[in-house]
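What follows is the content of model16.txt (compact mmCIF, C-alpha atoms).
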# COMPACT_ATOMS: atom_id res chain seq x y z
CA MET A 273 124.27 114.96 109.18
CA GLU A 274 120.99 112.99 109.27
CA SER A 275 122.56 110.30 111.49
CA HIS A 276 123.88 112.98 113.88
CA ASN A 277 120.45 114.61 114.11
CA HIS A 278 118.82 111.21 114.64
CA HIS A 279 121.12 110.45 117.59
CA GLU A 280 120.60 113.95 118.98
CA HIS A 281 116.83 113.48 118.75
CA LEU A 282 117.01 110.12 120.56
CA HIS A 283 119.15 111.74 123.28
CA GLN A 284 116.51 114.47 123.73
CA ILE A 285 113.76 111.84 123.98
CA LYS A 286 115.72 109.95 126.67
CA GLN A 287 116.12 113.18 128.67
CA LEU A 288 112.40 113.91 128.33
CA ASP A 289 111.58 110.34 129.41
CA ALA A 290 113.43 110.96 132.68
CA VAL A 291 111.70 114.35 133.17
CA PHE A 292 108.28 112.77 132.63
CA ILE A 293 108.96 109.86 135.01
CA VAL A 294 110.05 112.28 137.80
CA SER A 295 107.05 114.54 137.07
CA ILE A 296 104.59 111.64 137.21
CA ALA A 297 106.02 110.40 140.53
CA LEU A 298 105.95 113.90 142.11
CA ASN A 299 102.39 114.61 141.01
CA LEU A 300 101.09 111.20 142.04
CA VAL A 301 102.44 111.72 145.58
CA PHE A 302 100.82 115.19 145.68
CA VAL A 303 97.46 113.77 144.52
CA LEU A 304 97.52 111.27 147.40
CA VAL A 305 98.43 114.00 149.95
CA GLU A 306 95.80 116.41 148.63
CA ALA A 307 93.08 113.73 148.60
CA GLY A 308 94.05 112.74 152.16
CA VAL A 309 93.79 116.34 153.44
CA GLY A 310 90.52 116.76 151.55
CA LEU A 311 89.05 113.70 153.28
CA VAL A 312 90.27 114.75 156.76
CA GLU A 313 89.04 118.36 156.37
CA ASN A 314 85.91 117.31 154.49
CA SER A 315 86.85 119.74 151.70
CA ILE A 316 85.06 119.18 148.38
CA GLY A 317 87.37 121.76 146.78
CA LEU A 318 90.55 119.89 147.65
CA LEU A 319 89.06 116.54 146.64
CA SER A 320 87.93 117.90 143.26
CA ASP A 321 91.37 119.49 142.72
CA ALA A 322 92.98 116.14 143.58
CA GLY A 323 90.78 114.57 140.89
CA HIS A 324 91.88 117.28 138.44
CA ASN A 325 95.54 116.65 139.30
CA LEU A 326 95.00 112.92 138.79
CA GLY A 327 93.81 113.81 135.28
CA ASP A 328 97.10 115.66 134.77
CA VAL A 329 99.05 112.58 135.86
CA PHE A 330 97.11 110.66 133.21
CA SER A 331 98.08 113.33 130.62
CA LEU A 332 101.75 113.02 131.60
CA LEU A 333 101.48 109.24 131.24
CA LEU A 334 99.94 109.71 127.76
CA ALA A 335 102.82 111.98 126.70
CA LEU A 336 105.38 109.47 128.02
CA PHE A 337 103.53 106.72 126.12
CA ALA A 338 103.75 108.85 122.95
CA PHE A 339 107.53 109.09 123.29
CA LYS A 340 107.74 105.31 123.73
CA LEU A 341 105.64 104.80 120.57
CA ALA A 342 107.81 107.26 118.62
CA LYS A 343 110.87 105.05 119.24
CA ILE A 344 109.28 101.93 117.69
CA HIS A 345 110.90 101.15 114.34
CA ALA A 346 108.92 101.08 111.10
CA LYS A 347 107.44 97.69 110.22
CA GLY A 348 104.72 96.23 108.02
CA ARG A 349 102.08 98.78 107.06
CA PHE A 350 103.49 101.35 109.51
CA THR A 351 106.27 102.65 107.27
CA TYR A 352 106.88 105.65 109.55
CA GLY A 353 106.58 103.53 112.70
CA TYR A 354 104.11 104.97 115.22
CA LYS A 355 105.43 108.54 115.16
CA LYS A 356 102.07 110.05 114.15
CA SER A 357 100.55 108.77 117.40
CA THR A 358 102.41 111.63 119.14
CA VAL A 359 100.22 114.11 117.22
CA LEU A 360 97.03 112.22 118.12
CA ILE A 361 98.02 112.10 121.80
CA SER A 362 98.77 115.83 121.70
CA LEU A 363 95.24 116.37 120.35
CA LEU A 364 93.81 114.16 123.11
CA ASN A 365 95.73 116.11 125.76
CA ALA A 366 94.34 119.39 124.41
CA ILE A 367 90.81 117.96 124.68
CA ILE A 368 91.51 116.81 128.27
CA LEU A 369 92.67 120.36 129.10
CA LEU A 370 89.43 121.77 127.66
CA VAL A 371 87.41 119.32 129.77
CA ALA A 372 89.40 120.44 132.85
CA VAL A 373 88.62 124.09 132.03
CA GLY A 374 84.94 123.18 131.70
CA ALA A 375 85.04 121.44 135.08
CA ILE A 376 86.62 124.52 136.74
CA ILE A 377 83.97 126.82 135.19
CA ILE A 378 81.07 124.56 136.26
CA GLU A 379 82.44 124.17 139.80
CA SER A 380 83.09 127.93 140.09
CA ALA A 381 79.59 128.76 138.85
CA TYR A 382 78.09 126.31 141.36
CA LYS A 383 80.08 127.89 144.22
CA LEU A 384 79.02 131.39 143.14
CA ARG A 385 75.40 130.33 143.37
CA ASP A 386 75.76 128.31 146.54
CA PRO A 387 78.89 129.33 148.56
CA GLU A 388 80.26 126.68 150.93
CA PRO A 389 82.29 127.19 154.14
CA VAL A 390 85.98 126.55 153.49
CA ASN A 391 88.86 125.80 155.89
CA GLY A 392 91.14 128.59 154.65
CA VAL A 393 94.27 127.43 156.52
CA ALA A 394 94.13 123.80 155.31
CA VAL A 395 93.40 124.91 151.75
CA THR A 396 96.25 127.48 151.79
CA TRP A 397 98.94 125.08 153.00
CA THR A 398 97.90 122.26 150.68
CA ALA A 399 97.78 124.60 147.68
CA ALA A 400 101.20 126.01 148.64
CA VAL A 401 102.63 122.50 148.32
CA GLY A 402 100.85 122.31 144.96
CA ILE A 403 102.64 125.45 143.78
CA VAL A 404 106.01 123.83 144.56
CA VAL A 405 105.17 120.48 142.91
CA ASN A 406 103.39 121.87 139.84
CA GLY A 407 105.84 124.76 139.46
CA LEU A 408 108.84 122.41 139.61
CA THR A 409 107.25 120.10 137.03
CA ALA A 410 106.41 123.02 134.71
CA TRP A 411 110.00 124.29 135.05
CA MET A 412 111.41 120.86 134.09
CA LEU A 413 109.14 120.73 131.02
CA HIS A 414 109.66 124.34 129.95
CA ARG A 415 112.81 123.77 127.89
CA GLY A 416 111.34 120.98 125.76
CA GLN A 417 107.94 122.59 125.19
CA LYS A 418 109.23 124.86 122.41
CA ASP A 419 110.06 121.93 120.11
CA ASP A 420 107.35 119.36 120.81
CA LEU A 421 103.57 119.69 121.07
CA ASN A 422 103.28 116.83 123.56
CA VAL A 423 105.76 118.47 125.91
CA ARG A 424 103.94 121.78 125.38
CA GLY A 425 100.65 120.11 126.29
CA ALA A 426 102.16 118.65 129.48
CA PHE A 427 103.79 122.02 130.27
CA LEU A 428 100.43 123.78 129.86
CA HIS A 429 98.80 121.24 132.18
CA MET A 430 101.36 121.87 134.91
CA ALA A 431 101.51 125.65 134.36
CA ALA A 432 97.72 125.72 134.60
CA ASP A 433 97.83 123.71 137.83
CA THR A 434 100.44 126.10 139.23
CA LEU A 435 98.10 128.99 138.41
CA VAL A 436 95.21 127.16 140.06
CA SER A 437 97.33 126.54 143.18
CA VAL A 438 98.36 130.22 143.33
CA GLY A 439 94.70 131.19 143.03
CA VAL A 440 93.74 128.75 145.78
CA VAL A 441 96.46 130.14 148.10
CA VAL A 442 95.25 133.71 147.50
CA SER A 443 91.63 132.73 148.06
CA GLY A 444 92.60 130.69 151.17
CA ILE A 445 94.39 133.70 152.72
CA ILE A 446 91.48 136.04 151.91
CA ILE A 447 88.95 133.55 153.33
CA THR A 448 91.05 133.07 156.49
CA TYR A 449 91.24 136.81 157.24
CA THR A 450 87.95 138.11 155.81
CA GLY A 451 85.60 135.12 155.50
CA PHE A 452 84.80 136.19 151.91
CA VAL A 453 84.22 132.71 150.43
CA LEU A 454 83.09 134.02 147.01
CA ILE A 455 86.72 134.87 146.18
CA ASP A 456 87.36 131.14 145.55
CA PRO A 457 85.01 130.77 142.52
CA ILE A 458 85.91 134.27 141.23
CA ILE A 459 89.61 133.35 141.05
CA GLY A 460 88.66 129.96 139.61
CA LEU A 461 86.84 131.60 136.69
CA ALA A 462 89.73 134.01 136.03
CA ILE A 463 92.19 131.10 135.91
CA ALA A 464 89.88 129.11 133.58
CA VAL A 465 89.92 131.97 131.05
CA VAL A 466 93.75 132.10 131.08
CA ILE A 467 94.03 128.31 130.58
CA LEU A 468 91.40 128.40 127.82
CA PHE A 469 93.43 130.77 125.60
CA SER A 470 96.59 128.62 125.86
CA THR A 471 94.65 125.40 125.31
CA CYS A 472 92.87 126.65 122.18
CA LYS A 473 96.24 127.36 120.55
CA LEU A 474 97.47 123.84 121.41
CA LEU A 475 94.20 122.32 120.13
CA PHE A 476 94.34 124.12 116.77
CA GLN A 477 98.05 123.25 116.30
CA SER A 478 97.31 119.57 117.02
CA LEU A 479 94.32 119.56 114.67
CA ARG A 480 96.38 121.10 111.85
CA LEU A 481 99.20 118.56 112.28
CA SER A 482 96.73 115.66 112.35
CA LEU A 483 95.43 116.91 108.97
CA ASP A 484 99.02 116.96 107.62
CA ALA A 485 99.26 120.76 107.46
CA ALA A 486 102.75 122.26 107.53
CA PRO A 487 103.93 122.91 111.13
CA ASP A 488 103.63 126.46 112.47
CA ASN A 489 107.42 126.95 112.57
CA ILE A 490 107.78 126.28 108.83
CA ASN A 491 106.85 128.86 106.18
CA VAL A 492 106.17 126.83 103.02
CA GLU A 493 106.55 129.79 100.64
CA GLU A 494 109.85 130.77 102.27
CA VAL A 495 111.15 127.19 101.98
CA LYS A 496 110.11 127.13 98.30
CA LYS A 497 111.91 130.43 97.72
CA ARG A 498 115.12 129.18 99.37
CA LEU A 499 115.03 125.87 97.47
CA SER A 500 114.65 127.78 94.18
CA ALA A 501 117.79 129.76 95.07
CA VAL A 502 119.94 126.63 95.45
CA PRO A 503 122.71 126.59 92.75
CA GLY A 504 121.73 124.31 89.87
CA VAL A 505 117.97 124.58 90.54
CA GLU A 506 115.82 126.06 87.78
CA SER A 507 112.52 125.77 89.69
CA VAL A 508 110.67 123.71 92.29
CA HIS A 509 107.05 122.54 92.39
CA HIS A 510 104.74 119.97 94.00
CA ILE A 511 106.23 120.74 97.41
CA HIS A 512 104.57 119.01 100.36
CA ILE A 513 105.62 119.53 103.99
CA TRP A 514 103.98 117.75 106.94
CA ALA A 515 104.68 116.50 110.44
CA ILE A 516 105.34 112.80 110.93
CA SER A 517 105.46 113.37 114.70
CA THR A 518 105.27 116.31 117.11
CA SER A 519 109.03 116.88 116.67
CA GLU A 520 109.93 115.51 113.19
CA ASN A 521 108.91 116.88 109.80
CA ALA A 522 109.02 115.50 106.25
CA MET A 523 109.03 116.99 102.76
CA THR A 524 108.62 115.78 99.21
CA VAL A 525 109.53 118.11 96.33
CA HIS A 526 109.99 118.04 92.54
CA VAL A 527 113.10 119.94 91.42
CA VAL A 528 113.78 121.05 87.83
CA LEU A 529 117.55 121.17 87.29
CA ASP A 530 119.47 123.79 85.29
CA GLU A 531 121.11 122.48 82.14
CA GLY A 532 124.40 120.80 83.11
CA ALA A 533 123.64 120.94 86.87
CA ASP A 534 125.14 118.21 89.07
CA GLN A 535 122.20 116.25 90.52
CA CYS A 536 124.14 114.94 93.53
CA SER A 537 125.35 118.43 94.52
CA VAL A 538 121.83 119.86 94.22
CA LYS A 539 120.35 117.08 96.35
CA ARG A 540 123.07 117.50 98.98
CA ASP A 541 122.47 121.27 99.16
CA ILE A 542 118.68 120.79 99.41
CA ARG A 543 119.06 118.25 102.24
CA HIS A 544 121.42 120.60 104.06
CA LEU A 545 118.98 123.50 103.66
CA SER A 546 116.08 121.29 104.81
CA GLU A 547 117.88 120.44 108.06
CA HIS A 548 118.10 124.18 108.83
CA GLU A 549 114.37 124.46 108.15
CA HIS A 550 113.63 121.71 110.76
CA ILE A 551 112.82 119.11 108.08
CA SER A 552 114.60 115.81 108.76
CA HIS A 553 113.02 113.48 106.17
CA VAL A 554 113.33 114.69 102.55
CA THR A 555 112.35 113.00 99.29
CA ILE A 556 113.57 114.80 96.14
CA GLU A 557 112.45 114.03 92.59
CA THR A 558 114.65 115.71 90.00
CA GLU A 559 113.58 116.64 86.49
CA ALA A 560 115.78 117.57 83.54
CA HIS A 561 115.97 121.09 82.16
CA GLY A 562 113.15 121.70 79.68
CA CYS A 563 110.93 118.93 81.04
CA ASP A 564 107.29 119.94 80.54
CA CYS A 565 105.97 118.52 83.79
CA GLU A 566 102.28 118.91 83.05
CA ASP A 567 102.58 116.76 79.92
CA LYS A 568 104.52 113.95 81.59
CA GLU A 569 102.60 111.48 83.74
CA CYS A 570 105.74 110.65 85.74
CA CYS A 571 106.08 114.26 86.87
CA GLN A 572 102.54 114.74 88.14
CA SER A 573 101.91 114.85 91.92
Have the structure of the file written as structure tokens, please.
Amino acid sequence: MESHNHHEHLHQIKQLDAVFIVSIALNLVFVLVEAGVGLVENSIGLLSDAGHNLGDVFSLLLALFAFKLAKIHAKGRFTYGYKKSTVLISLLNAIILLVAVGAIIIESAYKLRDPEPVNGVAVTWTAAVGIVVNGLTAWMLHRGQKDDLNVRGAFLHMAADTLVSVGVVVSGIIITYTGFVLIDPIIGLAIAVVILFSTCKLLFQSLRLSLDAAPDNINVEEVKKRLSAVPGVESVHHIHIWAISTSENAMTVHVVLDEGADQCSVKRDIRHLSEHEHISHVTIETEAHGCDCEDKECCQS
């Protein structure tokens, strides 16, 4: 079962590698096009958005790098390999998103105070291309974002950029037909608020995992309750659940066996149950019926 899940996980990582490589290539081409149009039209807005999109390319590269690190086998002091780096990179990506939100807010506030003339047509067409590129990238990442914080971070980057591009298209059309240039920073601020809420959730999840808290999709008390209900188990204690990467979880647990219980059967059932609870690495310490754990040094956590 564990070998099957390991191979399935590696297959998912290979698929995500391909998605990230295509996404990076698409977005890099768009950055070059957007920067080129910004230079020709002398548009500060397009140039700053190109810079923002370049930051997103960097975030995608970081996520891809995390997947590469996760595949490195354990060696020396790194007994889990470099899997935890995926959590740290997820945290870094959340911080980059917050910086991007700050940049949008500052730029929007500056434009509200000192509106600049904008070429509505050039902005609209360039942003329309951005909707296609960012929307396609977000769509490719959507499936994997439910199971991995790094993919979720990348998905949020691209979904945010799609929102920004939609906002820019709307503001470009309004500017073209009405000349109301203040719509640009107003939409920018509205988009920043939407991105901020999503980013805060990602940031807090990443912080919790980096502090070895149990992942959000695992209820520790529920797991403890289900383990206690396994045939042959008298009780469980000293249960610890944490993330060793953004997609793999581990657990250590002390299990007191019923009198006459088969240790191998209990361990097999617990491992099977753990797989269903999204826990792939399990260490089980069994204790005999009647063992007074608090009085035995070997039983203490």
**Asked** So which one's closest to Val453 of chain A, A:Arg540, A:Lys340, A:Lys497, A:Arg385? Using only C-alpha atoms, please.
**Response** A:Arg385
As JSON: centre and edge lengths in Å, one decimal, of the axis-aligned box holding segment 348-367 of chain A with 5 Å per side:
{"center_x": 98.8, "center_y": 107.8, "center_z": 116.4, "size_x": 26.1, "size_y": 33.2, "size_z": 28.7}
**Shell of 12 Å around Leu474 of chain A, only C-alpha atoms, local chain residues under 6 positions omitted, as an NGL selection string** = :A and (359 or 361-370 or 417-418 or 420-429 or 467-468 or 480-481 or 488 or 518)
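Excluding Ala342 of chain A itself and same-chain residues fewer than 4 positions from it, the residues having an atom within 7 Å of it are Ala338, Tyr354, Lys355 and Thr358 of chain A, counting only C-alpha atoms.
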**Message:** With 9 Å as the threshold, what does the neighbourhood of (100.6, 131.8, 147.5) contain in terms of residues, counting all atoms listed in the file? Coordinates are those of the file; answer as a VMD selection string.
**Reply:** chain A and resid 396 to 397 399 to 400 403 437 to 442 444 to 445
What does the file look like for those residues with C-alpha atoms, as a PDB file, in the frame of the given file?
ATOM      1  CA  THR A 396      96.250 127.480 151.790  1.00  0.00           C
ATOM      2  CA  TRP A 397      98.940 125.080 153.000  1.00  0.00           C
ATOM      3  CA  ALA A 399      97.780 124.600 147.680  1.00  0.00           C
ATOM      4  CA  ALA A 400     101.200 126.010 148.640  1.00  0.00           C
ATOM      5  CA  ILE A 403     102.640 125.450 143.780  1.00  0.00           C
ATOM      6  CA  SER A 437      97.330 126.540 143.180  1.00  0.00           C
ATOM      7  CA  VAL A 438      98.360 130.220 143.330  1.00  0.00           C
ATOM      8  CA  GLY A 439      94.700 131.190 143.030  1.00  0.00           C
ATOM      9  CA  VAL A 440      93.740 128.750 145.780  1.00  0.00           C
ATOM     10  CA  VAL A 441      96.460 130.140 148.100  1.00  0.00           C
ATOM     11  CA  VAL A 442      95.250 133.710 147.500  1.00  0.00           C
ATOM     12  CA  GLY A 444      92.600 130.690 151.170  1.00  0.00           C
ATOM     13  CA  ILE A 445      94.390 133.700 152.720  1.00  0.00           C
TER      14      ILE A 445
END
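For the residues A:Ala346, A:Leu298, A:Val505, A:Val466, ranking by smallest atom-to-atom distance to Asn325 of chain A using all atoms listed in the file places A:Leu298 first.
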**Message:** Set the distance at 7 Å and use all atoms listed in the file: which residues neighbour Thr524 of chain A once local chain neighbours fewer than 3 positions away are removed? I'd like the list as a ChimeraX atom specification.
**Reply:** /A:511-513,554-556
Writer output for current selection, C-alpha atoms, as a compact mmCIF listing (two decimals), in the coordinates of the input:
# COMPACT_ATOMS: atom_id res chain seq x y z
CA ILE A 511 106.23 120.74 97.41
CA HIS A 512 104.57 119.01 100.36
CA ILE A 513 105.62 119.53 103.99
CA VAL A 554 113.33 114.69 102.55
CA THR A 555 112.35 113.00 99.29
CA ILE A 556 113.57 114.80 96.14
**Item:** Interatomic distance (Å, one decimal) between atom CA of Asn299 of chain A and atom CA of Thr409 of chain A
**Value:**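 The value is 8.3 Å.
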**Prompt:** atom CA of Val508 of chain A to atom CA of Val527 of chain A: how many Å, to one decimal?
**Reply:**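 Result for atom CA of Val508 of chain A versus atom CA of Val527 of chain A: 4.6 Å, one decimal.
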**Asked** Which of these, A:Asp328, A:Glu520, A:Glu506, A:Glu549, has the shortest distance to Ala533 of chain A once you count only C-alpha atoms?
**Response** A:Glu506
**Asked** Between A:Thr448, A:Ser380, A:Gln535, A:Ser519, which one has atoms that come closest to Val395 of chain A, using all atoms listed in the file?
**Response** A:Thr448
**Message:** I'd like the interatomic distance between atom CA of Ala372 of chain A and atom CA of Gly327 of chain A, to a tenth of an Å.
**Reply:**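 Atom-to-atom, atom CA of Ala372 of chain A to atom CA of Gly327 of chain A, that is 8.3 Å.
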**Request:** Do a neighbour search on segment 455-457 of chain A at 9 Å with all atoms listed in the file, toss out local chain neighbours closer than 5 positions, and write the hits as a list in words.
**Result:**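 Near neighbours after the sequence-gap exclusion: Ile376, Ile377, Glu379, Ser380, Ala381, Tyr382, Lys383, Leu384, Pro387, Gly439, Val440, Val442, Ser443, Gly444, Ile446, Ile447 and Ala462 of chain A.
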**Prompt:** For Leu435 of chain A, which of A:Val301, A:Leu341, A:Leu483, A:Val404 is the closest residue, counting all atoms listed in the file?
**Reply:**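 Smallest separation from Leu435 of chain A among the options: A:Val404.
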**Message:** Need to verify the contact set: Gly323 of chain A, 10 Å, all atoms listed in the file, exclusion of same-chain residues closer than 4 positions in sequence. Can you return it as a ChimeraX atom specification?
**Reply:** /A:303-304,306-307,317-319,327-329
Selection to disk with C-alpha atoms, as a PDB file, in the frame of the given file:
ATOM      1  CA  VAL A 303      97.460 113.770 144.520  1.00  0.00           C
ATOM      2  CA  LEU A 304      97.520 111.270 147.400  1.00  0.00           C
ATOM      3  CA  GLU A 306      95.800 116.410 148.630  1.00  0.00           C
ATOM      4  CA  ALA A 307      93.080 113.730 148.600  1.00  0.00           C
ATOM      5  CA  GLY A 317      87.370 121.760 146.780  1.00  0.00           C
ATOM      6  CA  LEU A 318      90.550 119.890 147.650  1.00  0.00           C
ATOM      7  CA  LEU A 319      89.060 116.540 146.640  1.00  0.00           C
ATOM      8  CA  GLY A 327      93.810 113.810 135.280  1.00  0.00           C
ATOM      9  CA  ASP A 328      97.100 115.660 134.770  1.00  0.00           C
ATOM     10  CA  VAL A 329      99.050 112.580 135.860  1.00  0.00           C
TER      11      VAL A 329
END
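Of the listed residues (A:Ser295, A:Asn491, A:Ser500, A:Thr450), A:Ser295 comes nearest to Phe330 of chain A; the distances count only C-alpha atoms.
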